[in-house]
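Note: the block below is query.txt and it holds compact mmCIF, C-alpha atoms.
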```txt
# COMPACT_ATOMS: atom_id res chain seq x y z
CA MET A 874 13.17 -20.56 0.64
CA GLU A 875 15.12 -23.39 2.26
CA ARG A 876 15.43 -23.21 6.04
CA HIS A 877 19.21 -22.79 5.95
CA GLU A 878 18.88 -19.93 3.46
CA ARG A 879 16.63 -18.06 5.87
CA VAL A 880 19.25 -17.92 8.63
CA PHE A 881 22.64 -18.60 7.01
CA VAL A 882 25.09 -15.68 7.36
CA ASP A 883 27.56 -15.65 4.50
CA SER A 884 31.15 -15.61 5.76
CA GLU A 885 31.99 -12.87 3.26
CA PHE A 886 29.43 -10.64 4.97
CA LEU A 887 31.78 -10.49 7.96
CA THR A 888 34.27 -8.51 5.87
CA THR A 889 31.78 -5.75 5.03
CA THR A 890 31.22 -2.56 7.03
CA HIS A 891 28.05 -3.94 8.59
CA GLY A 892 29.62 -7.35 9.11
CA GLN A 893 32.38 -5.93 11.28
CA ILE A 894 29.86 -4.69 13.83
CA PRO A 895 29.56 -7.30 16.63
CA CYS A 896 26.30 -9.24 16.35
CA GLU A 897 25.32 -8.40 19.94
CA ASP A 898 25.59 -4.64 19.27
CA CYS A 899 22.43 -4.89 17.18
CA HIS A 900 20.73 -8.14 18.18
CA GLY A 901 21.58 -8.32 21.88
CA GLY A 902 22.03 -11.69 23.58
CA ASN A 903 24.86 -12.91 25.79
CA LYS A 904 28.17 -12.88 23.88
CA ASP A 905 30.06 -14.59 26.71
CA ALA A 906 27.77 -17.62 27.01
CA LEU A 907 28.94 -20.91 25.53
CA ASP A 908 25.51 -22.56 25.72
CA PHE A 909 23.26 -21.98 22.70
CA LYS A 910 20.15 -21.15 24.73
CA LYS A 911 21.97 -18.85 27.13
CA ALA A 912 23.73 -17.07 24.29
CA HIS A 913 20.38 -16.29 22.65
CA GLN A 914 18.61 -15.02 25.76
CA GLY A 915 17.34 -11.49 25.14
CA ILE A 916 18.09 -11.65 21.45
CA THR A 917 16.10 -9.45 19.06
CA ALA A 918 15.50 -10.86 15.59
CA ASP A 919 14.72 -7.45 14.08
CA PRO A 920 16.51 -4.70 16.03
CA THR A 921 15.26 -2.08 13.58
CA PHE A 922 11.63 -2.28 14.72
CA PRO A 923 9.87 -0.30 16.05
CA ASP A 924 12.64 2.26 16.55
CA PRO A 925 15.71 1.92 14.32
CA GLY A 926 17.44 4.83 16.02
CA LYS A 927 19.58 2.68 18.34
CA THR A 928 20.88 0.51 15.51
CA CYS A 929 20.71 2.01 12.03
CA GLY A 930 20.51 5.47 13.58
CA THR A 931 24.04 5.34 14.94
CA CYS A 932 25.29 5.77 11.37
CA HIS A 933 22.20 6.96 9.49
CA PRO A 934 20.46 9.44 11.85
CA GLU A 935 19.28 11.59 8.95
CA ILE A 936 17.10 8.67 7.83
CA THR A 937 15.98 7.06 11.08
CA ARG A 938 14.84 10.23 12.83
CA HIS A 939 12.02 10.37 10.29
CA ASN A 940 11.73 6.69 9.44
CA ARG A 941 10.56 5.69 12.92
CA ASN A 942 7.32 7.51 12.11
CA SER A 943 6.95 6.34 8.51
CA LEU A 944 3.75 4.61 7.44
CA HIS A 945 5.70 1.41 6.82
CA ILE A 946 6.48 1.20 10.54
CA THR A 947 3.43 2.79 12.19
CA LEU A 948 0.61 1.98 9.72
CA ALA A 949 -1.00 4.99 11.39
CA SER A 950 -3.59 5.58 8.67
CA TYR A 951 -5.25 2.22 9.47
CA LYS A 952 -5.94 3.39 13.01
CA ARG A 953 -7.37 6.69 11.77
CA ILE A 954 -9.61 5.23 9.06
CA ILE A 955 -10.93 2.31 11.11
CA GLY A 956 -11.41 4.65 14.07
CA LEU A 957 -13.64 6.91 11.96
CA ARG A 958 -15.80 3.95 10.99
CA ILE A 959 -16.21 3.04 14.66
CA ASN A 960 -17.21 6.45 16.01
CA LYS A 961 -17.18 10.11 15.07
CA GLU A 962 -14.23 10.84 17.34
CA GLY A 963 -12.07 8.26 15.60
CA GLY A 964 -11.17 6.48 18.83
CA LEU A 965 -10.55 2.75 19.14
CA PRO A 966 -12.36 0.78 21.91
CA GLU A 967 -10.03 -1.07 24.25
CA LYS A 968 -11.40 -4.45 23.12
CA LEU A 969 -10.28 -3.77 19.55
CA GLY A 970 -6.68 -2.95 20.47
CA PRO A 971 -5.47 -6.58 20.35
CA ALA A 972 -7.56 -7.26 17.23
CA MET A 973 -6.00 -4.31 15.44
CA GLU A 974 -2.50 -5.44 16.40
CA GLU A 975 -3.22 -9.01 15.29
CA HIS A 976 -5.01 -8.37 12.02
CA CYS A 977 -4.31 -4.83 10.82
CA LEU A 978 -0.97 -3.69 12.18
CA CYS A 979 1.07 -6.88 11.72
CA CYS A 980 2.14 -6.09 8.15
CA HIS A 981 4.62 -3.39 9.10
CA ALA A 982 8.03 -3.25 7.45
CA SER A 983 11.20 -2.00 9.11
CA CYS A 984 14.66 -1.03 7.85
CA GLY A 985 15.79 -4.63 8.32
CA GLN A 986 12.71 -6.11 6.68
CA CYS A 987 13.51 -4.24 3.48
CA HIS A 988 17.29 -4.10 3.35
CA VAL A 989 18.33 -7.36 5.06
CA SER A 990 15.44 -9.82 5.12
CA ARG A 991 12.01 -10.42 3.72
CA PRO A 992 9.14 -8.87 5.72
CA GLN A 993 8.00 -10.98 8.68
CA SER A 994 4.44 -10.95 7.33
CA ALA A 995 5.78 -12.80 4.28
CA GLY A 996 7.62 -15.40 6.31
CA GLY A 997 10.91 -13.57 6.92
CA GLY A 998 14.28 -15.01 6.00
CA LEU A 999 17.55 -13.34 5.02
CA LEU A 1000 17.68 -12.00 1.47
CA ASP A 1001 21.31 -12.85 0.83
CA GLY A 1002 23.32 -14.17 3.75
CA HIS A 1003 22.76 -10.99 5.79
CA PHE A 1004 24.29 -8.75 3.12
CA PHE A 1005 22.60 -5.33 3.23
CA GLN A 1006 20.75 -4.44 0.05
CA ARG A 1007 20.95 -0.74 -0.80
CA ARG A 1008 18.09 -1.24 -3.25
CA PRO A 1009 15.80 -4.01 -1.92
CA PRO A 1010 14.81 -6.64 -4.50
CA MET A 1011 11.23 -5.78 -5.34
CA GLU A 1012 10.15 -9.38 -6.01
CA THR A 1013 11.01 -10.51 -2.46
CA THR A 1014 10.48 -7.34 -0.43
CA CYS A 1015 8.10 -4.82 -2.03
CA VAL A 1016 5.89 -7.43 -3.71
CA ALA A 1017 6.05 -9.73 -0.67
CA CYS A 1018 3.63 -7.29 0.99
CA HIS A 1019 2.12 -5.49 -1.99
CA GLY A 1020 1.67 -8.49 -4.26
CA SER A 1021 -1.99 -9.38 -4.45
CA ARG A 1022 -2.94 -6.08 -6.03
CA ILE A 1023 0.09 -3.99 -6.99
CA GLY A 1024 2.44 -6.86 -7.82
CA ASP A 1025 -0.08 -8.75 -9.93
CA GLU A 1026 -0.99 -5.56 -11.77
CA TYR A 1027 2.60 -4.47 -12.38
CA PHE A 1028 3.87 -7.84 -13.58
CA GLY A 1029 0.75 -8.62 -15.63
CA ASN A 1030 -0.42 -11.60 -13.58
CA ASN A 1031 -4.12 -10.77 -13.88
CA LYS A 1032 -5.71 -12.81 -16.65
CA GLY A 1033 -6.44 -10.77 -19.74
CA VAL A 1034 -4.72 -7.62 -18.44
CA SER A 1035 -1.30 -6.51 -19.63
CA GLY A 1036 1.50 -5.68 -17.23
CA ASP A 1037 2.53 -2.11 -16.59
CA ILE A 1038 4.46 -0.56 -19.46
CA HIS A 1039 7.04 0.74 -16.98
CA PHE A 1040 7.90 -2.89 -16.22
CA THR A 1041 7.23 -4.69 -19.49
CA LYS A 1042 9.12 -2.14 -21.57
CA LYS A 1043 11.57 -0.49 -19.16
CA ARG A 1044 11.89 -3.07 -16.34
CA MET A 1045 11.63 -0.23 -13.83
CA HIS A 1046 12.05 -1.00 -10.11
CA CYS A 1047 9.56 0.24 -7.52
CA VAL A 1048 12.12 2.75 -6.21
CA SER A 1049 12.32 4.36 -9.64
CA CYS A 1050 9.12 6.17 -8.64
CA HIS A 1051 8.89 5.55 -4.88
CA VAL A 1052 12.11 7.24 -3.81
CA GLY A 1053 13.82 7.03 -0.44
CA ASP A 1054 12.48 10.38 0.79
CA GLU A 1055 8.96 9.05 0.39
CA MET A 1056 9.62 5.59 1.81
CA HIS A 1057 11.56 6.89 4.83
CA GLY A 1058 9.53 10.06 5.32
CA GLU A 1059 7.77 11.31 8.42
CA ALA A 1060 4.12 10.31 8.17
CA GLU A 1061 2.76 9.87 11.69
CA THR A 1062 0.08 12.53 11.27
CA VAL A 1063 -0.84 12.15 7.60
CA SER A 1064 -4.31 10.96 6.63
CA GLY A 1065 -3.06 8.21 4.32
CA ARG A 1066 -0.46 7.21 1.77
CA TYR A 1067 -1.62 9.78 -0.78
CA ALA A 1068 -0.86 12.55 1.72
CA VAL A 1069 2.78 11.48 2.18
CA LYS A 1070 5.22 14.11 0.98
CA ASN A 1071 7.37 13.35 -2.06
CA GLY A 1072 4.94 10.77 -3.38
CA PRO A 1073 5.33 9.82 -7.05
CA ARG A 1074 3.70 11.92 -9.73
CA CYS A 1075 3.41 11.05 -13.41
CA ALA A 1076 4.50 14.59 -14.28
CA ASN A 1077 7.89 14.03 -12.64
CA CYS A 1078 8.89 12.01 -15.71
CA HIS A 1079 6.25 13.26 -18.15
CA PRO A 1080 6.14 17.07 -17.70
CA ASP A 1081 4.87 17.55 -21.25
CA ALA A 1082 1.69 15.70 -20.34
CA ILE A 1083 0.50 18.59 -18.14
CA SER A 1084 2.09 21.40 -20.09
CA ASP A 1085 -0.18 24.03 -21.60
CA GLN A 1086 1.88 23.57 -24.74
CA SER A 1087 1.24 19.83 -24.90
CA LYS A 1088 0.73 18.56 -28.42
CA ILE A 1089 -1.84 16.06 -27.18
CA THR A 1090 -5.27 17.69 -27.13
CA ALA A 1091 -6.70 15.26 -24.59
CA HIS A 1092 -3.97 16.20 -22.12
CA LYS A 1093 -4.77 19.90 -22.39
CA ILE A 1094 -8.53 19.31 -22.07
CA HIS A 1095 -8.29 17.00 -19.06
CA LYS A 1096 -5.44 18.72 -17.20
CA ASN A 1097 -6.22 18.87 -13.45
CA ARG A 1098 -9.75 17.65 -14.17
CA VAL A 1099 -9.13 13.95 -14.77
CA SER A 1100 -6.34 11.85 -13.26
CA CYS A 1101 -3.84 10.20 -15.58
CA TYR A 1102 -5.11 6.77 -14.48
CA VAL A 1103 -8.59 7.40 -15.87
CA CYS A 1104 -7.16 7.28 -19.38
CA HIS A 1105 -4.12 5.04 -18.93
CA ALA A 1106 -5.03 2.34 -16.38
CA GLN A 1107 -6.59 -1.04 -17.12
CA PRO A 1108 -9.03 -3.14 -15.05
CA TYR A 1109 -7.67 -3.79 -11.56
CA LYS A 1110 -8.48 -5.91 -8.55
CA ASN A 1111 -11.29 -4.88 -6.17
CA CYS A 1112 -11.77 -6.63 -2.81
CA TYR A 1113 -14.93 -7.05 -0.73
CA SER A 1114 -16.19 -7.77 2.77
CA CYS A 1115 -13.37 -8.69 5.15
CA HIS A 1116 -14.10 -10.44 8.47
CA VAL A 1117 -11.46 -11.24 11.08
CA GLY A 1118 -11.48 -13.52 14.12
CA ARG A 1119 -9.92 -16.57 15.78
CA ASP A 1120 -10.59 -20.24 15.12
CA SER A 1121 -11.25 -23.00 17.67
CA LYS A 1122 -7.49 -23.23 18.37
CA GLY A 1123 -7.16 -19.51 18.95
CA LEU A 1124 -5.36 -18.86 15.68
CA ALA A 1125 -6.09 -15.55 13.99
CA TYR A 1126 -7.72 -15.63 10.55
CA TYR A 1127 -9.46 -13.40 8.05
CA GLN A 1128 -12.03 -14.09 5.35
CA VAL A 1129 -12.81 -12.04 2.26
CA GLU A 1130 -15.11 -12.48 -0.67
CA SER A 1131 -13.58 -13.20 -4.05
CA SER A 1132 -11.87 -10.21 -5.63
CA LYS A 1133 -13.10 -8.88 -8.97
CA LEU A 1134 -11.32 -7.18 -11.84
CA ALA A 1135 -13.03 -3.91 -12.71
CA PHE A 1136 -12.32 -0.42 -13.99
CA LYS A 1137 -14.36 2.38 -12.42
CA ILE A 1138 -14.25 6.15 -12.61
CA GLY A 1139 -15.65 8.06 -9.65
CA LEU A 1140 -15.71 11.53 -8.16
CA ASN A 1141 -12.50 12.38 -6.35
CA PRO A 1142 -13.10 11.64 -2.63
CA GLN A 1143 -9.95 13.41 -1.41
CA LYS A 1144 -9.07 16.49 -3.43
CA ASP A 1145 -5.85 18.24 -2.49
CA ALA A 1146 -3.03 20.15 -4.16
CA ALA A 1147 -1.41 16.96 -5.41
CA HIS A 1148 -4.73 15.43 -6.55
CA PRO A 1149 -6.92 18.30 -7.81
CA TYR A 1150 -8.90 16.13 -10.21
CA ASN A 1151 -12.68 15.96 -10.41
CA TYR A 1152 -12.59 12.39 -11.72
CA VAL A 1153 -10.29 9.56 -10.61
CA THR A 1154 -10.14 5.79 -10.82
CA VAL A 1155 -11.65 4.24 -7.68
CA ARG A 1156 -11.11 0.84 -6.11
CA HIS A 1157 -13.35 -1.05 -3.68
CA ILE A 1158 -11.68 -1.96 -0.39
CA PRO A 1159 -12.70 -4.98 1.74
CA SER A 1160 -13.87 -3.09 4.84
CA SER A 1161 -17.35 -4.16 5.97
CA PRO A 1162 -19.74 -3.39 8.86
CA GLY A 1163 -19.02 -6.80 10.39
CA LEU A 1164 -15.22 -6.57 10.14
CA PHE A 1165 -14.65 -6.86 13.92
CA ALA A 1166 -17.91 -8.56 14.90
CA PHE A 1167 -15.99 -11.51 16.38
CA TYR A 1168 -14.38 -9.20 18.92
CA LEU A 1169 -17.03 -6.53 19.35
CA PRO A 1170 -20.54 -6.79 17.85
CA ARG A 1171 -21.67 -3.63 16.08
CA ALA A 1172 -18.19 -2.12 16.36
CA MET A 1173 -18.56 -0.25 13.06
CA GLU A 1174 -21.52 1.90 14.11
CA ASN A 1175 -20.16 4.82 12.08
CA PHE A 1176 -19.32 2.66 9.05
CA ASP A 1177 -21.03 4.93 6.50
CA SER A 1178 -18.97 7.98 7.47
CA ILE A 1179 -16.30 7.35 4.79
CA PRO A 1180 -16.44 5.62 1.39
CA THR A 1181 -15.53 2.03 0.65
CA TRP A 1182 -14.64 3.07 -2.90
CA LYS A 1183 -11.30 4.88 -2.58
CA MET A 1184 -9.09 6.77 -5.01
CA ALA A 1185 -6.89 4.26 -6.82
CA THR A 1186 -3.59 4.48 -8.66
CA PRO A 1187 -3.43 1.13 -10.49
CA HIS A 1188 0.01 -0.18 -11.40
CA ASN A 1189 -0.95 -1.44 -14.87
CA ILE A 1190 -0.41 1.65 -16.98
CA GLN A 1191 -0.48 1.49 -20.77
CA ARG A 1192 -0.13 4.28 -23.30
CA LYS A 1193 -3.15 2.99 -25.23
CA THR A 1194 -6.17 1.55 -23.42
CA SER A 1195 -9.72 0.66 -24.37
CA GLN A 1196 -11.09 3.85 -22.85
CA ASN A 1197 -8.72 6.27 -24.61
CA GLN A 1198 -9.13 4.95 -28.16
CA SER A 1199 -11.53 7.82 -28.85
CA CYS A 1200 -13.52 10.43 -26.94
CA ASN A 1201 -16.64 8.30 -27.15
CA ALA A 1202 -14.80 5.19 -25.91
CA CYS A 1203 -14.96 6.77 -22.46
CA HIS A 1204 -17.57 9.52 -22.55
CA GLY A 1205 -20.00 7.31 -24.42
CA ASN A 1206 -19.56 4.32 -22.12
CA PRO A 1207 -21.57 4.73 -18.89
CA SER A 1208 -20.29 1.35 -17.63
CA HIS A 1209 -16.91 2.97 -16.93
CA PHE A 1210 -18.47 5.22 -14.30
CA LEU A 1211 -19.32 4.22 -10.75
CA THR A 1212 -23.00 4.96 -10.14
CA LEU A 1213 -25.14 4.40 -7.05
CA SER A 1214 -27.29 1.92 -8.92
CA GLU A 1215 -24.42 -0.62 -9.03
CA ILE A 1216 -23.25 -0.16 -5.43
CA GLU A 1217 -24.44 -2.75 -2.91
CA GLU A 1218 -27.27 -1.51 -0.69
CA LYS A 1219 -25.18 -1.42 2.49
CA GLY A 1220 -22.63 0.84 0.78
CA LYS A 1221 -24.84 3.40 -0.95
CA LYS A 1222 -24.80 5.98 1.84
CA ALA A 1223 -21.05 5.64 2.40
CA ASN A 1224 -20.29 6.18 -1.28
CA GLU A 1225 -22.67 8.99 -2.20
CA SER A 1226 -19.74 11.40 -2.47
CA VAL A 1227 -17.83 9.08 -4.82
CA ALA A 1228 -20.55 7.79 -7.16
CA VAL A 1229 -21.07 9.75 -10.37
CA PRO A 1230 -24.69 10.96 -10.70
CA PHE A 1231 -26.00 9.34 -13.87
CA ASN A 1232 -27.33 12.67 -15.14
CA LEU A 1233 -23.75 13.98 -15.22
CA ILE A 1234 -22.44 11.29 -17.56
CA PRO A 1235 -24.12 12.67 -20.75
CA GLU A 1236 -22.64 16.09 -19.93
CA LEU A 1237 -19.19 14.55 -20.04
CA ARG A 1238 -19.67 13.79 -23.70
CA LYS A 1239 -19.86 17.49 -24.64
```
So that I can check it, write out the structure of this file as structure tokens.
Amino acid sequence: MERHERVFVDSEFLTTTHGQIPCEDCHGGNKDALDFKKAHQGITADPTFPDPGKTCGTCHPEITRHNRNSLHITLASYKRIIGLRINKEGGLPEKLGPAMEEHCLCCHASCGQCHVSRPQSAGGGLLDGHFFQRRPPMETTCVACHGSRIGDEYFGNNKGVSGDIHFTKKRMHCVSCHVGDEMHGEAETVSGRYAVKNGPRCANCHPDAISDQSKITAHKIHKNRVSCYVCHAQPYKNCYSCHVGRDSKGLAYYQVESSKLAFKIGLNPQKDAAHPYNYVTVRHIPSSPGLFAFYLPRAMENFDSIPTWKMATPHNIQRKTSQNQSCNACHGNPSHFLTLSEIEEKGKKANESVAVPFNLIPELRK
């Protein structure tokens, strides 16, 4: 994006409802100053973060009263999950506060960073001359943050893996499934994104797939036992061993091992009413015992308390996949299942509850 495009306010924007609101009402600054620097003193680039109530909330209180506690703004689940790896109480040591803010909590998205500009973590910049976008463009907002895994899967950017049928055939936008009530919803106390209310479910559009009268035998057999992704997802990206710190100039950085495309079925690590399945697709996340070693040696003393293989919902769905060509294509292929024998030594204890005991795999063939 050219520099002028990032900051240029289209003159036609000034004729819109939002454009008729004085700039200083949202962004602050000194409207009476004639000097550039004085006029911009106290200005706020994104007045919708962390609390959009004083700006967007003046007209949209029904959204902002919940949105201020959405996961997009608070990223609360990061604090909970990392806290559990640090100690049994889930508390964060004072030394890790700045590290968390710098490395883990900087990818937040606000009302403005979806509907007016690109997210700051992706470089910022106005989407279209400050015009407000009712439906944010997924290529420059959603995928700006969720690109390396979800975006590449959905658009088919991973070598040898097709894009998601919902995009390649129907050109569906992210908000076709991830509706406003989910994106704006209250989520301060939830355990993670899969616990957010109004999350997408395949059955919302495909009720016949879980119907007892389904004409597809496999659907009736696997209903509530196996997630849809086990049969309809393709290999997806798995990330390993993240380490964060600062370089000799004090600039923050992170390092991860190369990601790998893989398809793995594991035991469901977080059963609930919305995810009652025994078997789900699982994805390796990059958390590692030495994640915060630069800031606090041995910070992750409780690292093995939760798995590093998490339930996954890959965005590369196809009606026909290699594992659903026949019963034996899945049940007769042990390589599809995550077993302890293929988990790195340092992760065996953490993932005991997720790995499928090898003696169970033959039983699946019956």
Mind listing as a short mmCIF file (atom, residue, chain, number, x, y, z; two decimals) with C-alpha atoms, keeping the file's coordinate frame all residues within 12 Å of (-23.3, 1.8, 0.0), counting only C-alpha atoms?
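Done, and the output landed in out09.cif:
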```
data_model
loop_
_atom_site.label_atom_id
_atom_site.label_comp_id
_atom_site.auth_asym_id
_atom_site.auth_seq_id
_atom_site.Cartn_x
_atom_site.Cartn_y
_atom_site.Cartn_z
CA HIS A 1157 -13.35 -1.05 -3.68
CA SER A 1160 -13.87 -3.09 4.84
CA SER A 1161 -17.35 -4.16 5.97
CA PRO A 1162 -19.74 -3.39 8.86
CA PHE A 1176 -19.32 2.66 9.05
CA ASP A 1177 -21.03 4.93 6.50
CA SER A 1178 -18.97 7.98 7.47
CA ILE A 1179 -16.30 7.35 4.79
CA PRO A 1180 -16.44 5.62 1.39
CA THR A 1181 -15.53 2.03 0.65
CA TRP A 1182 -14.64 3.07 -2.90
CA LEU A 1211 -19.32 4.22 -10.75
CA THR A 1212 -23.00 4.96 -10.14
CA LEU A 1213 -25.14 4.40 -7.05
CA SER A 1214 -27.29 1.92 -8.92
CA GLU A 1215 -24.42 -0.62 -9.03
CA ILE A 1216 -23.25 -0.16 -5.43
CA GLU A 1217 -24.44 -2.75 -2.91
CA GLU A 1218 -27.27 -1.51 -0.69
CA LYS A 1219 -25.18 -1.42 2.49
CA GLY A 1220 -22.63 0.84 0.78
CA LYS A 1221 -24.84 3.40 -0.95
CA LYS A 1222 -24.80 5.98 1.84
CA ALA A 1223 -21.05 5.64 2.40
CA ASN A 1224 -20.29 6.18 -1.28
CA GLU A 1225 -22.67 8.99 -2.20
CA SER A 1226 -19.74 11.40 -2.47
CA VAL A 1227 -17.83 9.08 -4.82
CA ALA A 1228 -20.55 7.79 -7.16
#
```
Inset, instruction - Measure the distance from CA of Gly970 (chain A) to CA of Arg1066 (chain A) in Å and round it to one decimal. - result: 22.2 Å
Would you mind listing what lies within 9 Å of region 1145-1150 of chain A as a compact mmCIF listing (two decimals) with C-alpha atoms, keeping the file's coordinate frame, with only C-alpha atoms counted and same-chain residues fewer than 4 positions away left out?
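The result, written out as part.txt:
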```txt
# COMPACT_ATOMS: atom_id res chain seq x y z
CA TYR A 1067 -1.62 9.78 -0.78
CA ALA A 1068 -0.86 12.55 1.72
CA ARG A 1074 3.70 11.92 -9.73
CA HIS A 1095 -8.29 17.00 -19.06
CA LYS A 1096 -5.44 18.72 -17.20
CA ASN A 1097 -6.22 18.87 -13.45
CA ARG A 1098 -9.75 17.65 -14.17
CA VAL A 1099 -9.13 13.95 -14.77
CA SER A 1100 -6.34 11.85 -13.26
CA LEU A 1140 -15.71 11.53 -8.16
CA ASN A 1141 -12.50 12.38 -6.35
```
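Closest approach to Ile1190 (chain A) from the set A:Lys904, A:Tyr951, A:Gly1029, A:Arg991 is made by A:Gly1029, with distances taken over all atoms listed in the file.
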Legend entry - Option closest in space to Val1048 (chain A), from A:Asp898, A:His1204, A:His1079, A:Pro1010 [counting all atoms listed in the file]: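 Ranking A:Asp898, A:His1204, A:His1079, A:Pro1010 by distance to Val1048 (chain A), first place goes to A:Pro1010.
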Legend entry - Atomic separation - CA of Gly1002 (chain A) relative to CA of His988 (chain A), Å: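 Rounded to one decimal, the two atoms are 11.7 Å apart.
Distances from A:Gln1191, A:Gln986, A:Gln1107, A:Asn1031 to His1209 (chain A) were compared using only C-alpha atoms, and the smallest one belongs to A:Gln1107.
Note that CA of Gly996 (chain A) and CA of His945 (chain A) are 16.9 Å apart.
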Legend entry - Shell of 12 Å around Arg1007 (chain A), all atoms listed in the file, local chain residues under 2 positions omitted, as a ChimeraX atom specification: /A:984-985,987-989,1000,1004-1005,1009-1011,1048,1053
Inset, instruction - Give as a VMD selection string every residue, naming chains and numbers as the document does, that has an atom within 12 Å of (-6.3, -9.6, -12.7), counting all atoms listed in the file. - result: chain A and resid 1020 to 1036 1107 to 1112 1131 to 1136 1187 to 1189
Legend entry - Residue contacts of Ser990 (chain A) (9 Å, only C-alpha atoms) excluding same-chain residues fewer than 5 positions away, as an MDAnalysis selection string: chainID A and resid 879 985 997:1001 1003 1005 1013:1014
Inset, instruction - Name the closest residue to His981 (chain A) among the candidates A:Asp919, A:Glu1055, A:Glu935, A:Glu897; distances are taken between atoms, counting only C-alpha atoms. - result: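 Looking at the shortest contact to His981 (chain A), the residue is A:Asp919.
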Inset, instruction - Select, from A:Phe1210, A:Phe881, A:Phe1167, A:Phe1231, the residue with the minimum atom-to-atom distance to Lys968 (chain A), counting only C-alpha atoms. - result: A:Phe1167
Legend entry - Which residue of A:Lys1193, A:His1116, A:Lys961, A:His1019 approaches Val1103 (chain A) most closely, using all atoms listed in the file: A:Lys1193
Can you list, as a PDB file with C-alpha atoms, keeping the file's coordinate frame, every protein, DNA or RNA residue that comes within 9 Å of Gly1118 (chain A) when you count only C-alpha atoms, leaving out same-chain residues fewer than 5 positions away?
```pdb
ATOM      1  CA  ALA A 972      -7.560  -7.260  17.230  1.00  0.00           C
ATOM      2  CA  HIS A 976      -5.010  -8.370  12.020  1.00  0.00           C
ATOM      3  CA  GLY A1123      -7.160 -19.510  18.950  1.00  0.00           C
ATOM      4  CA  LEU A1124      -5.360 -18.860  15.680  1.00  0.00           C
ATOM      5  CA  ALA A1125      -6.090 -15.550  13.990  1.00  0.00           C
ATOM      6  CA  TYR A1126      -7.720 -15.630  10.550  1.00  0.00           C
ATOM      7  CA  TYR A1127      -9.460 -13.400   8.050  1.00  0.00           C
ATOM      8  CA  GLN A1128     -12.030 -14.090   5.350  1.00  0.00           C
ATOM      9  CA  LEU A1164     -15.220  -6.570  10.140  1.00  0.00           C
ATOM     10  CA  PHE A1165     -14.650  -6.860  13.920  1.00  0.00           C
ATOM     11  CA  ALA A1166     -17.910  -8.560  14.900  1.00  0.00           C
ATOM     12  CA  PHE A1167     -15.990 -11.510  16.380  1.00  0.00           C
ATOM     13  CA  TYR A1168     -14.380  -9.200  18.920  1.00  0.00           C
TER      14      TYR A1168
END
```
Kindly complete region 1223-1235 of chain A to N, CA and C atoms; the output should be written as a short mmCIF file (atom, residue, chain, number, x, y, z; two decimals), keeping the file's coordinate frame.
```
data_model
loop_
_atom_site.label_atom_id
_atom_site.label_comp_id
_atom_site.auth_asym_id
_atom_site.auth_seq_id
_atom_site.Cartn_x
_atom_site.Cartn_y
_atom_site.Cartn_z
N ALA A 1223 -22.48 5.37 2.22
CA ALA A 1223 -21.05 5.64 2.40
C ALA A 1223 -20.41 6.20 1.14
N ASN A 1224 -20.96 5.83 -0.02
CA ASN A 1224 -20.29 6.18 -1.28
C ASN A 1224 -21.03 7.23 -2.10
N GLU A 1225 -21.95 7.95 -1.48
CA GLU A 1225 -22.67 8.99 -2.20
C GLU A 1225 -21.73 10.05 -2.77
N SER A 1226 -20.65 10.34 -2.04
CA SER A 1226 -19.74 11.40 -2.47
C SER A 1226 -18.79 10.94 -3.57
N VAL A 1227 -18.75 9.63 -3.83
CA VAL A 1227 -17.83 9.08 -4.82
C VAL A 1227 -18.55 8.71 -6.11
N ALA A 1228 -19.79 8.23 -5.99
CA ALA A 1228 -20.55 7.79 -7.16
C ALA A 1228 -20.85 8.97 -8.08
N VAL A 1229 -20.79 8.72 -9.37
CA VAL A 1229 -21.07 9.75 -10.37
C VAL A 1229 -22.57 9.77 -10.64
N PRO A 1230 -23.26 10.89 -10.38
CA PRO A 1230 -24.69 10.96 -10.70
C PRO A 1230 -24.91 10.67 -12.18
N PHE A 1231 -25.84 9.80 -12.49
CA PHE A 1231 -26.00 9.34 -13.87
C PHE A 1231 -26.31 10.50 -14.80
N ASN A 1232 -26.98 11.54 -14.28
CA ASN A 1232 -27.33 12.67 -15.14
C ASN A 1232 -26.10 13.49 -15.54
N LEU A 1233 -24.96 13.26 -14.86
CA LEU A 1233 -23.75 13.98 -15.22
C LEU A 1233 -23.02 13.31 -16.38
N ILE A 1234 -23.23 12.03 -16.57
CA ILE A 1234 -22.44 11.29 -17.56
C ILE A 1234 -22.69 11.82 -18.98
N PRO A 1235 -23.94 12.09 -19.41
CA PRO A 1235 -24.12 12.67 -20.75
C PRO A 1235 -23.40 13.99 -20.92
#
```
